[in-house]
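Everything below belongs to entry19.cif, which stores mmCIF, C-alpha atoms.
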data_final
#
loop_
_atom_site.group_PDB
_atom_site.id
_atom_site.type_symbol
_atom_site.label_atom_id
_atom_site.label_comp_id
_atom_site.auth_asym_id
_atom_site.auth_seq_id
_atom_site.Cartn_x
_atom_site.Cartn_y
_atom_site.Cartn_z
ATOM 1 C CA MET Y 27 5.977 -23.159 -98.360
ATOM 2 C CA THR Y 28 3.635 -20.621 -99.847
ATOM 3 C CA THR Y 29 4.728 -16.988 -99.779
ATOM 4 C CA ILE Y 30 2.437 -14.117 -98.826
ATOM 5 C CA ARG Y 31 3.468 -10.624 -99.864
ATOM 6 C CA ILE Y 32 2.596 -8.116 -97.159
ATOM 7 C CA PRO Y 33 1.297 -4.647 -98.126
ATOM 8 C CA THR Y 34 3.710 -1.896 -97.091
ATOM 9 C CA PRO Y 35 1.676 -0.422 -94.190
ATOM 10 C CA LEU Y 36 1.112 -3.850 -92.638
ATOM 11 C CA ARG Y 37 4.778 -4.788 -92.474
ATOM 12 C CA PRO Y 38 5.257 -3.335 -88.979
ATOM 13 C CA TYR Y 39 2.719 -5.962 -87.859
ATOM 14 C CA ALA Y 40 4.616 -8.729 -89.656
ATOM 15 C CA GLY Y 41 8.030 -8.314 -88.124
ATOM 16 C CA GLY Y 42 8.956 -5.726 -90.740
ATOM 17 C CA GLU Y 43 9.019 -8.361 -93.467
ATOM 18 C CA SER Y 44 7.731 -7.810 -96.995
ATOM 19 C CA THR Y 45 7.017 -11.509 -97.429
ATOM 20 C CA VAL Y 46 6.101 -14.259 -95.011
ATOM 21 C CA ALA Y 47 6.380 -17.981 -95.701
ATOM 22 C CA VAL Y 48 3.265 -19.827 -94.563
ATOM 23 C CA SER Y 49 1.938 -23.352 -94.526
ATOM 24 C CA GLY Y 50 -1.516 -24.625 -95.359
ATOM 25 C CA GLY Y 51 -3.073 -26.321 -98.327
ATOM 26 C CA THR Y 52 -5.677 -23.665 -99.047
ATOM 27 C CA VAL Y 53 -5.828 -19.895 -99.221
ATOM 28 C CA GLY Y 54 -7.823 -19.819 -95.994
ATOM 29 C CA ALA Y 55 -5.344 -22.034 -94.168
ATOM 30 C CA ALA Y 56 -2.412 -19.997 -95.455
ATOM 31 C CA VAL Y 57 -3.965 -16.734 -94.254
ATOM 32 C CA ASP Y 58 -4.792 -18.340 -90.908
ATOM 33 C CA ASP Y 59 -1.167 -19.420 -90.589
ATOM 34 C CA LEU Y 60 -0.074 -15.862 -91.376
ATOM 35 C CA THR Y 61 -2.230 -14.402 -88.625
ATOM 36 C CA GLN Y 62 -1.127 -17.069 -86.174
ATOM 37 C CA LYS Y 63 2.496 -16.193 -86.885
ATOM 38 C CA HIS Y 64 1.714 -12.472 -86.673
ATOM 39 C CA PRO Y 65 -1.437 -11.982 -84.570
ATOM 40 C CA ASP Y 66 -1.326 -8.183 -84.823
ATOM 41 C CA LEU Y 67 -2.088 -8.501 -88.523
ATOM 42 C CA ARG Y 68 -5.470 -10.015 -87.874
ATOM 43 C CA GLN Y 69 -7.272 -6.791 -86.943
ATOM 44 C CA HIS Y 70 -6.167 -5.236 -90.242
ATOM 45 C CA LEU Y 71 -7.303 -8.144 -92.369
ATOM 46 C CA PHE Y 72 -10.397 -9.404 -90.580
ATOM 47 C CA ASP Y 73 -13.580 -7.921 -89.203
ATOM 48 C CA GLY Y 74 -14.693 -10.701 -86.879
ATOM 49 C CA ASP Y 75 -14.360 -13.955 -88.750
ATOM 50 C CA LYS Y 76 -14.590 -12.418 -92.211
ATOM 51 C CA LEU Y 77 -12.030 -10.632 -94.303
ATOM 52 C CA ARG Y 78 -12.568 -6.893 -94.220
ATOM 53 C CA SER Y 79 -14.641 -5.741 -97.142
ATOM 54 C CA PHE Y 80 -11.724 -3.997 -98.858
ATOM 55 C CA VAL Y 81 -9.301 -6.922 -98.497
ATOM 56 C CA ASN Y 82 -8.749 -9.119 -101.543
ATOM 57 C CA ILE Y 83 -6.475 -12.121 -101.781
ATOM 58 C CA TYR Y 84 -4.748 -12.941 -105.033
ATOM 59 C CA LEU Y 85 -3.196 -16.299 -105.805
ATOM 60 C CA ASN Y 86 -0.382 -15.504 -108.205
ATOM 61 C CA GLN Y 87 -2.289 -13.402 -110.793
ATOM 62 C CA GLU Y 88 -5.832 -14.434 -109.860
ATOM 63 C CA ASP Y 89 -8.340 -12.968 -107.429
ATOM 64 C CA VAL Y 90 -9.395 -15.967 -105.361
ATOM 65 C CA ARG Y 91 -13.009 -14.746 -105.387
ATOM 66 C CA TYR Y 92 -13.043 -15.968 -108.980
ATOM 67 C CA LEU Y 93 -11.396 -19.261 -108.091
ATOM 68 C CA ASN Y 94 -12.642 -21.137 -105.074
ATOM 69 C CA GLY Y 95 -12.369 -18.432 -102.445
ATOM 70 C CA ALA Y 96 -10.768 -19.432 -99.172
ATOM 71 C CA ASP Y 97 -10.952 -23.064 -100.267
ATOM 72 C CA THR Y 98 -8.709 -22.443 -103.275
ATOM 73 C CA GLU Y 99 -5.800 -24.851 -103.128
ATOM 74 C CA VAL Y 100 -2.283 -23.464 -102.913
ATOM 75 C CA ALA Y 101 0.990 -25.155 -103.779
ATOM 76 C CA GLU Y 102 4.525 -24.859 -102.465
ATOM 77 C CA ASN Y 103 5.756 -22.199 -104.856
ATOM 78 C CA ASP Y 104 2.595 -20.130 -105.047
ATOM 79 C CA THR Y 105 2.529 -16.494 -104.030
ATOM 80 C CA LEU Y 106 -0.422 -14.884 -102.301
ATOM 81 C CA MET Y 107 -0.873 -11.144 -102.453
ATOM 82 C CA ILE Y 108 -3.102 -8.970 -100.284
ATOM 83 C CA ILE Y 109 -4.666 -6.274 -102.465
ATOM 84 C CA PRO Y 110 -6.904 -3.496 -101.112
ATOM 85 C CA SER Y 111 -9.990 -2.188 -102.836
ATOM 86 C CA ILE Y 112 -9.531 1.566 -102.961
ATOM 87 C CA ALA Y 113 -12.187 4.145 -103.632
ATOM 88 C CA GLY Y 114 -13.125 7.570 -102.396
ATOM 89 C CA GLY Y 115 -14.426 10.911 -103.389
ATOM 90 C CA LEU Y 116 -16.167 14.036 -102.306
ATOM 91 C CA ASN Y 117 -18.826 14.094 -99.644
ATOM 92 C CA MET D 25 5.106 12.682 -92.936
ATOM 93 C CA LEU D 26 5.159 12.510 -96.718
ATOM 94 C CA LYS D 27 8.252 13.578 -98.650
ATOM 95 C CA LEU D 28 8.421 14.039 -102.397
ATOM 96 C CA SER D 29 10.285 16.139 -104.902
ATOM 97 C CA ASP D 30 8.827 19.270 -106.405
ATOM 98 C CA GLU D 31 8.856 17.519 -109.784
ATOM 99 C CA LEU D 32 6.822 14.570 -108.510
ATOM 100 C CA HIS D 33 4.377 16.892 -106.793
ATOM 101 C CA ARG D 34 3.984 18.773 -110.061
ATOM 102 C CA GLN D 35 3.184 15.455 -111.733
ATOM 103 C CA VAL D 36 0.555 14.690 -109.080
ATOM 104 C CA MET D 37 -0.996 18.114 -109.648
ATOM 105 C CA ALA D 38 -0.831 17.725 -113.448
ATOM 106 C CA HIS D 39 -2.560 14.358 -113.248
ATOM 107 C CA GLY D 40 -5.407 15.947 -111.320
ATOM 108 C CA ALA D 41 -5.658 18.693 -113.918
ATOM 109 C CA SER D 42 -5.669 16.215 -116.811
ATOM 110 C CA ALA D 43 -8.494 14.254 -115.200
ATOM 111 C CA TYR D 44 -10.648 17.350 -114.614
ATOM 112 C CA PRO D 45 -13.651 17.585 -114.351
ATOM 113 C CA PHE D 46 -13.351 14.036 -113.041
ATOM 114 C CA GLU D 47 -11.300 12.759 -110.160
ATOM 115 C CA GLY D 48 -7.879 11.434 -111.084
ATOM 116 C CA CYS D 49 -6.022 8.879 -109.041
ATOM 117 C CA GLY D 50 -2.809 6.936 -108.785
ATOM 118 C CA LEU D 51 -0.295 5.310 -106.494
ATOM 119 C CA LEU D 52 2.695 6.689 -104.636
ATOM 120 C CA LEU D 53 5.768 4.494 -104.964
ATOM 121 C CA GLY D 54 8.862 4.610 -102.819
ATOM 122 C CA ARG D 55 9.824 3.413 -99.412
ATOM 123 C CA VAL D 56 9.213 4.024 -95.739
ATOM 124 C CA GLU D 57 12.203 5.453 -93.883
ATOM 125 C CA SER D 58 11.930 6.019 -90.127
ATOM 126 C CA GLY D 59 8.186 6.446 -90.396
ATOM 127 C CA VAL D 60 8.402 8.867 -93.320
ATOM 128 C CA ASN D 61 6.714 7.945 -96.602
ATOM 129 C CA LEU D 62 9.380 8.883 -99.146
ATOM 130 C CA VAL D 63 7.994 9.037 -102.687
ATOM 131 C CA THR D 64 10.378 8.235 -105.522
ATOM 132 C CA GLY D 65 7.880 7.457 -108.269
ATOM 133 C CA LEU D 66 4.250 7.619 -109.311
ATOM 134 C CA ARG D 67 1.907 5.264 -111.080
ATOM 135 C CA PRO D 68 -1.163 6.990 -112.473
ATOM 136 C CA MET D 69 -4.168 4.675 -112.337
ATOM 137 C CA ALA D 70 -7.428 4.587 -114.208
ATOM 138 C CA ASN D 71 -10.448 5.865 -112.322
ATOM 139 C CA VAL D 72 -12.764 2.898 -112.863
ATOM 140 C CA TRP D 73 -15.764 4.256 -110.963
ATOM 141 C CA PRO D 74 -18.560 2.603 -112.943
ATOM 142 C CA VAL D 75 -20.801 5.634 -113.568
ATOM 143 C CA GLU D 76 -19.042 8.147 -115.811
ATOM 144 C CA GLU D 77 -20.812 11.256 -114.586
ATOM 145 C CA GLU D 78 -20.210 10.342 -110.942
ATOM 146 C CA LYS D 79 -16.445 10.408 -111.556
ATOM 147 C CA ARG D 80 -16.704 14.119 -110.866
ATOM 148 C CA GLU D 81 -16.880 13.161 -107.219
ATOM 149 C CA ARG D 82 -15.850 9.522 -107.027
ATOM 150 C CA PHE D 83 -12.871 7.407 -107.835
ATOM 151 C CA ARG D 84 -12.075 3.741 -107.661
ATOM 152 C CA ILE D 85 -8.918 1.797 -108.434
ATOM 153 C CA ALA D 86 -9.429 -1.675 -109.903
ATOM 154 C CA GLU D 87 -7.959 -4.499 -107.877
ATOM 155 C CA ASN D 88 -6.334 -6.026 -110.970
ATOM 156 C CA ASP D 89 -4.692 -2.677 -111.709
ATOM 157 C CA TRP D 90 -3.362 -2.574 -108.160
ATOM 158 C CA ARG D 91 -2.068 -6.135 -108.598
ATOM 159 C CA ASP D 92 -0.198 -5.078 -111.743
ATOM 160 C CA ALA D 93 1.210 -2.069 -109.912
ATOM 161 C CA GLU D 94 2.346 -4.313 -107.078
ATOM 162 C CA PHE D 95 4.236 -6.587 -109.477
ATOM 163 C CA ALA D 96 5.807 -3.584 -111.213
ATOM 164 C CA ALA D 97 6.822 -2.083 -107.876
ATOM 165 C CA MET D 98 8.380 -5.377 -106.804
ATOM 166 C CA ALA D 99 10.369 -5.528 -110.046
ATOM 167 C CA ALA D 100 11.643 -2.004 -109.415
ATOM 168 C CA ASP D 101 12.399 -2.759 -105.745
ATOM 169 C CA LEU D 102 9.857 -0.166 -104.664
ATOM 170 C CA ASP D 103 6.824 -0.285 -102.428
ATOM 171 C CA ILE D 104 3.349 1.166 -102.767
ATOM 172 C CA ILE D 105 3.253 3.714 -99.967
ATOM 173 C CA GLY D 106 0.143 5.710 -100.711
ATOM 174 C CA ILE D 107 -2.600 6.893 -103.001
ATOM 175 C CA PHE D 108 -3.053 10.229 -104.725
ATOM 176 C CA HIS D 109 -6.326 11.570 -106.014
ATOM 177 C CA SER D 110 -7.871 14.887 -106.941
ATOM 178 C CA HIS D 111 -10.920 16.768 -105.720
ATOM 179 C CA PRO D 112 -12.394 18.778 -108.598
ATOM 180 C CA ASP D 113 -13.638 22.151 -107.362
ATOM 181 C CA CYS D 114 -13.443 21.041 -103.749
ATOM 182 C CA GLU D 115 -10.917 21.468 -100.986
ATOM 183 C CA PRO D 116 -8.383 18.644 -100.587
ATOM 184 C CA VAL D 117 -9.745 17.317 -97.321
ATOM 185 C CA ALA D 118 -10.273 13.606 -96.770
ATOM 186 C CA SER D 119 -14.010 13.089 -96.887
ATOM 187 C CA PRO D 120 -16.339 10.677 -95.072
ATOM 188 C CA ARG D 121 -16.432 8.755 -98.338
ATOM 189 C CA ASP D 122 -12.657 8.584 -98.393
ATOM 190 C CA LEU D 123 -12.887 7.286 -94.823
ATOM 191 C CA ASN D 124 -15.532 4.684 -95.585
ATOM 192 C CA TRP D 125 -13.423 3.265 -98.377
ATOM 193 C CA ALA D 126 -9.991 3.654 -96.842
ATOM 194 C CA SER D 127 -7.769 0.653 -96.357
ATOM 195 C CA TRP D 128 -4.932 0.555 -93.843
ATOM 196 C CA PRO D 129 -3.290 3.130 -91.594
ATOM 197 C CA GLY D 130 0.185 3.937 -92.902
ATOM 198 C CA TYR D 131 -0.670 4.771 -96.490
ATOM 199 C CA SER D 132 -0.424 8.461 -97.375
ATOM 200 C CA TYR D 133 -3.548 9.836 -99.035
ATOM 201 C CA ILE D 134 -2.470 12.976 -100.847
ATOM 202 C CA ILE D 135 -5.348 14.954 -102.306
ATOM 203 C CA THR D 136 -5.015 17.788 -104.806
ATOM 204 C CA GLU D 137 -7.629 20.462 -105.208
ATOM 205 C CA VAL D 138 -8.347 21.304 -108.861
ATOM 206 C CA LEU D 139 -10.333 24.514 -109.378
ATOM 207 C CA GLN D 140 -11.801 25.096 -112.836
ATOM 208 C CA GLY D 141 -9.175 22.771 -114.251
ATOM 209 C CA GLU D 142 -6.233 24.359 -112.443
ATOM 210 C CA PRO D 143 -4.537 22.474 -109.600
ATOM 211 C CA THR D 144 -4.088 24.711 -106.571
ATOM 212 C CA HIS D 145 -2.529 22.763 -103.719
ATOM 213 C CA SER D 146 -2.351 19.392 -102.047
ATOM 214 C CA ARG D 147 -2.825 18.129 -98.519
ATOM 215 C CA SER D 148 -2.043 14.665 -97.253
ATOM 216 C CA TRP D 149 -3.788 12.430 -94.768
ATOM 217 C CA GLN D 150 -3.307 9.157 -92.972
ATOM 218 C CA LEU D 151 -5.977 6.920 -91.524
ATOM 219 C CA LYS D 152 -5.947 6.854 -87.726
ATOM 220 C CA ALA D 153 -4.846 3.595 -86.157
ATOM 221 C CA ASP D 154 -8.384 2.977 -84.847
ATOM 222 C CA ARG D 155 -9.843 3.771 -88.308
ATOM 223 C CA SER D 156 -12.056 6.478 -86.796
ATOM 224 C CA GLY D 157 -10.878 9.258 -89.093
ATOM 225 C CA PHE D 158 -7.996 10.796 -90.962
ATOM 226 C CA LEU D 159 -5.154 12.831 -89.527
ATOM 227 C CA GLU D 160 -3.432 15.386 -91.690
ATOM 228 C CA GLU D 161 0.245 14.759 -92.210
ATOM 229 C CA GLU D 162 2.969 17.186 -93.158
ATOM 230 C CA ILE D 163 4.077 17.225 -96.789
ATOM 231 C CA GLU D 164 7.720 18.044 -97.335
ATOM 232 C CA ILE D 165 8.398 19.041 -100.937
ATOM 233 C CA GLU D 166 12.086 19.072 -101.777
#
Just give me the structure as structure tokens.
Amino acid sequence: MTTIRIPTPLRPYAGGESTVAVSGGTVGAAVDDLTQKHPDLRQHLFDGDKLRSFVNIYLNQEDVRYLNGADTEVAENDTLMIIPSIAGGLN
Amino acid sequence: MLKLSDELHRQVMAHGASAYPFEGCGLLLGRVESGVNLVTGLRPMANVWPVEEEKRERFRIAENDWRDAEFAAMAADLDIIGIFHSHPDCEPVASPRDLNWASWPGYSYIITEVLQGEPTHSRSWQLKADRSGFLEEEIEIE
């Protein structure tokens, strides 16, 4: 199965686990499987049907936006990582 | 609550001073214990906001840099538990911009005020569960 590493603040919504094993042949299917296993995660990852604007999915070392997005194929030993876009500043 | 040593807090403050007049930023590493974000290490990050002059009041962390930090944290058996950044010549209060670009509740956002190049103090914030704003959290410096 593919492994998804869960960001620290989302672990309470994933049974306290730092990684979750998921099934699915694509990034999109793997993330869907994650949120089916742990439905409380969904609100933190998705806004409606789309990933929240600050949520990025990496397949091993690569941002899937620069691969094939949600349709990027994943293999058994791949690792997916959820990486936030972080910015801020003064008013 | 956010807990860190005096030495680590000094490093957070020094990073803000070294970045002045721009905003400096980085990641808090450690672990979560009984709801407390316990910092045991820091990872300064590049402020990659694309317009140099706007770095006086903006910061951005590159996703690839965060990815590298995540791998390094995993190797050290640590977690990324928050973000630090500085506010040059402005009070360390989470701003609407910080809110617009925040990620998930649970991360500590510690902000250091840097006045005329000298760091003064820090305050820390966490995003509310409903994402409607930030709540200040206590900082315990050991």
Contact residues around Ile32 of chain Y with only C-alpha atoms at 8 Å, ignoring same-chain residues under 3 positions, as a PyMOL selection string: chain Y and resi 36-37+40+43-46+107-108
Show me a table, sorted first by chain and then by increasing residue number, of the residues of chain D having an atom at most 6 Å from chain Y, each with its shortest atom pair and the distance in Å to one decimal, counting all atoms listed in the file and written as a tab-separated table.
residue	atom	partner	partner_atom	distance
D:Glu81	CA	Y:Leu116	CA	5.0
D:Arg82	CA	Y:Gly115	CA	4.1
D:Phe83	CA	Y:Ala113	CA	5.4
D:Arg84	CA	Y:Ala113	CA	4.1
D:Ile85	CA	Y:Ile112	CA	5.5
D:Glu87	CA	Y:Ser111	CA	5.9
D:Ser119	CA	Y:Asn117	CA	5.6
D:Arg121	CA	Y:Gly114	CA	5.4
D:Asp122	CA	Y:Gly114	CA	4.2
D:Trp125	CA	Y:Ala113	CA	5.5
D:Gly130	CA	Y:Pro35	CA	4.8
Specify as a ChimeraX atom specification each residue included when the PyMOL selection byres ((chain Y and resi 96-100) around 8) is applied to this file. /Y:28,50-55,85,90,93-95,101-102,104
Test item: residues at most 6 Å from Leu66 of chain D, all atoms listed in the file, excluding those fewer than 6 positions along its chain, as a ChimeraX atom specification: /D:51-53
What lies within 7 Å of segment 132-134 of chain D using only C-alpha atoms, ignoring chain neighbours under 3 positions off, as a list in words?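 So, after excluding close chain neighbours, the residues are Leu26, Ile105, Gly106, Ile107, Phe108, His109, Ser146, Arg147, Ser148, Trp149 and Gln150 of chain D.
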Which residues fall under the PyMOL selection byres ((chain D and resi 102) around 7) in this file, as a list in words?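 Applying the PyMOL selection byres ((chain D and resi 102) around 7) to the structure shown produces Leu53, Gly54, Arg55, Ala97, Met98, Ala100, Asp101, Asp103 and Ile104 of chain D.
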